[in-house]
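Let me begin by presenting the structure, written as structure tokens, before commenting on it.
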Amino acid sequence: MTNPETALLSARGISKQFAGIEVLSDVDLDLMPGEIHALVGENGAGKSTFAKILAGVYRPTRGSLSLNDQHVDITSPIVAQKLGVTLIHQEPISFPDLSVAENLVLGRLNSAPLARIPWQKITRDAQALMALLGVSIDVTKPMRGLSIADQQMVEIARSLASNSRLIIMDEPTAPLTPKEVATLFVIARRLRDEGRTIIFISHRLEEVRALCDRVTVFRDGHKVATERTANLSDSDIIRLMIGRPLKEYMHKQGSIIGEVALKLTNLTLPGKFHDISLAVKKGEIVGLGGLVGAGRTDVAQAIFGIAPAASGAIEVNGKLVKINSPTDAIAHGLAFVPEDRAQSGIFRTLAVEQNITAAIAKRIAPAMFISRFLERRFAQDSVAKLRIRLASLRQPIGELSGGNQQKAILARWLLTDPSILILDEPTRGIDIGVKAEFYDMIGELAAGGRAILLISSELPELLALCDRVLVMSEGRLTADIPRREATQELIMQAAVPRSTHQGVAA
Amino acid sequence: MSNVENPALAPSREVAAPRPAWRIFLIRPETMTLALLILGVFAGSQLSEFFLDINYILKSFTLYAEFAIVALVLTMVIIAGEIDLSAASNMALSACVFAYAQQTGAPLPISIAIGLSAGLFMGLFNAFIIIGLKLPSIIVTIGTLTLYRGLAQIIAGDKSIRVPESFIGINNVFIGGIPAPVIIFIILSIVLGLVLGTTIFGRQIYLIGTNEVAARHAGVRSKSIKIILFATLGLTSAFAGLLTASRLGSVRYDLGLGGELQMVLMAMLGGTYIFGGRGTILGTFLAAWLLVIVTTGMIVANWLPAYQLCVLGVLLIISIIATNFIYSRTER
């Protein structure tokens, strides 16, 4: 299909095993100079592992790589950088207390250990790089204050500074606003036109279509196809990714909407959110849209008692309640699936069954002592019901793929039999196949009479699932849109802060 | 497009065979501790023919039993992601408070109660600073380590305080041929082993140590649990301090000096993970015996103290490397 003579980088028979589990098998791929190449596939399909092998983060169990027809051993990220391969992480890894300019020269300052640091030169070079990218970032400011989009730009600038020929972007757009995505695309295209190769990993097919020349689909650790993007339709790609025809996954089961289950009145936490009043009824799915940083997660955390509000009232099933800790919230029948799974969801090194039963202490230990039998039964039931894929219940949950970890967290909360369920970006970073399952589950939960508050940055998700969509912007509720009137445009309009209202590009 | 596979035949790569049971059993830090223990007994018996005298070993263990008892509770504190280095100083201060109360004429039971309360209070004080003010326990307890030892010296001065005859000699009380401190250690091991391994309280300690934020999200009252742990450690330290006082027959401010390192050594040797979330009471139990066997073996063999120190250091480093290796293998 491709002429190996012109390939920038060729992978042959790349395989990778983790603890005896093959996550990547026999991947052959040629990357051409001056192309944007998409890697798509479900979570755990192996695309990130493959990218990390190229970038020297992992070493392949088998297989070889050649760069410009020269066999290369990419043994570490430093070697990769010297060879001109850079991996840009989704959440950029940097030194938050150092300045942008310092972050840019990290690991590249080739001078004697005791030589004076040429601060002025560093700053000037950094400014030149930023100008090259066409972004305005004050390079003397610490990284900490930058938005994630700007941090990514710094990473890209870093790759330019080391004159990378292959730049790998692992889900770069997930945390970005539409406008920032547009900027990123402009820069990516310019880099391509300079003859560099870009690997673009994304779950969003519309982005792959808009940006990428070719696309490679991974499934279950195998490469299943490499094609010109234009030759594949979206449904082709999805079919290749999940290995089965796509069913209509965006749907909403009709459920009977009952009385108010959760009511907030003028909930306020200064600096985070102001005068939030809303109600969620039994059987209703209420969406909470808005940009990242609009205060949606803060509201959820206040309801759940993680960071309680300073003033305002919370009513659960018509009764005024005081929620000062998650323990209180759970006692009132609330459940909260947090956005940041690794940080506030999973217990990485503990067994799947312990993760699933973490919130139902009393049920697995009726007489203070944990009943292994009950614990296993609850876990087994959940695994079957939510179709969690695992090797063993005693396996550490960190070994599961992201989607299955998320299912386990959802399972944990369903076992508490909550009447009110708060889901914060429940499908973030989850592949399409599992997403569809999540949508079905959320629908079923609502149909079962639960009140659901769904925080999501994915507009199609809000539109497809929710009976009503509320929108937050800069800590305030700015819209309450019923299902039949809701459109992507309406939500975005309400989400974008007033001051920059005219700047809406998407 | 030609190489699209039949989905039904596509291997499900996440479903690997579970690890065989023997590997789960064998690749555990406690297994390593047990192996070292057996090795230690064997080496000791080669070094000296007198070594394999069970009474001698039990007697030697009474010298370490106080630290070993505290190490059991310390293991739980470390699993919860904290540490307490002030336990040995707590032993000294509690014992000094007890002896001082005794000296000023308080009846024995009252003095004991005062000593134990002092220990409990010290544990709560640690907890208040660490949890209330959200400070790292390693720094805070280095501070209280110094503070408690200093207070002990203020109370006792440079002299030893005698304790009454009726209080002396717990180490010479034998139950079924086993010294009382050893009995106490074994019983406490079983009780705490059950608490940590089979109760919700124990499970929640592991949850907190693995990921405290997630634990709080799951409704675990992490603060209360940590306060209980520090308080228990304080009380246990005081108890161990009184045991020591009974064994020595007098109390000085330097009682149990340097004991915090022995306690941490026992926990580490037993496979407790210094960053929390992993470890067992069984491990610490075995490690306490290992430490006694190795030390006793070297004494019986007439090794110079300098060599003994080196051996202990090497042992600790080996155990940390092995523990780390084992945990990193099960990580993925």
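Just so we're on the same page: first chain in the structure tokens is A, next is B, and so on; residues restart at 1 for each chain, and ligands are numbered from 1 in the order they show up.
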Compile the residues of chain A that lie within 6 Å of chain B, evaluated using only C-alpha atoms, and express the compilation as a list in words. Ile21, Val224, Ala225, Gly243, Pro326, Thr327, Ser344, Gly345, Phe347, Ala359, Met368, Phe369, Ile370, Leu390, Ala391, Ser392 and Glu399 of chain A
List the spatial neighbours of segment 304-320 of chain B as a list in words - criterion: any atom at most 10 Å away, only C-alpha atoms, same-chain residues fewer than 5 positions off excluded. Pro29, Met32, Thr33, Leu36, Leu265, Met266, Met268, Leu269, Gly270, Gly271, Thr272, Tyr273, Ile274, Leu291, Val294, Thr295, Thr296, Gly297, Met298, Ile299, Phe325 and Ile326 of chain B
If you count only C-alpha atoms, which residues fall within 12 Å of Ala128 of chain A, apart from same-chain ones fewer than 6 positions away, as a list in words? Ala101, Leu104, Lys121, Ile122, Gly134, Val135, Ser136, Ile137, Asp138, Val139, Ala157, Arg158, Leu160 and Ala161 of chain A
Skip Gly46 of chain A itself and residues of its chain fewer than 5 positions away, then list as a PDB file with N, CA and C atoms, in the first residue's frame all residues within 7 Å of it, counting only C-alpha atoms.
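So the final result, stored in part-v1.pdb, reads:
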ATOM      1  N   VAL A  23      -1.107  -6.739  24.834  1.00  0.00           N
ATOM      2  CA  VAL A  23      -1.932  -5.565  24.565  1.00  0.00           C
ATOM      3  C   VAL A  23      -1.708  -5.053  23.155  1.00  0.00           C
ATOM      4  N   LEU A  24      -0.684  -5.574  22.505  1.00  0.00           N
ATOM      5  CA  LEU A  24      -0.387  -5.126  21.152  1.00  0.00           C
ATOM      6  C   LEU A  24       0.220  -6.328  20.435  1.00  0.00           C
ATOM      7  N   PHE A 218      -7.193   0.558  15.349  1.00  0.00           N
ATOM      8  CA  PHE A 218      -6.752  -0.524  16.221  1.00  0.00           C
ATOM      9  C   PHE A 218      -7.967  -1.176  16.861  1.00  0.00           C
ATOM     10  N   ASP A 220      -8.461  -4.443  19.820  1.00  0.00           N
ATOM     11  CA  ASP A 220      -7.955  -5.553  20.628  1.00  0.00           C
ATOM     12  C   ASP A 220      -6.477  -5.808  20.384  1.00  0.00           C
ATOM     13  N   GLY A 221      -5.694  -4.747  20.288  1.00  0.00           N
ATOM     14  CA  GLY A 221      -4.257  -4.901  20.159  1.00  0.00           C
ATOM     15  C   GLY A 221      -3.771  -5.184  18.755  1.00  0.00           C
TER      16      GLY A 221
END
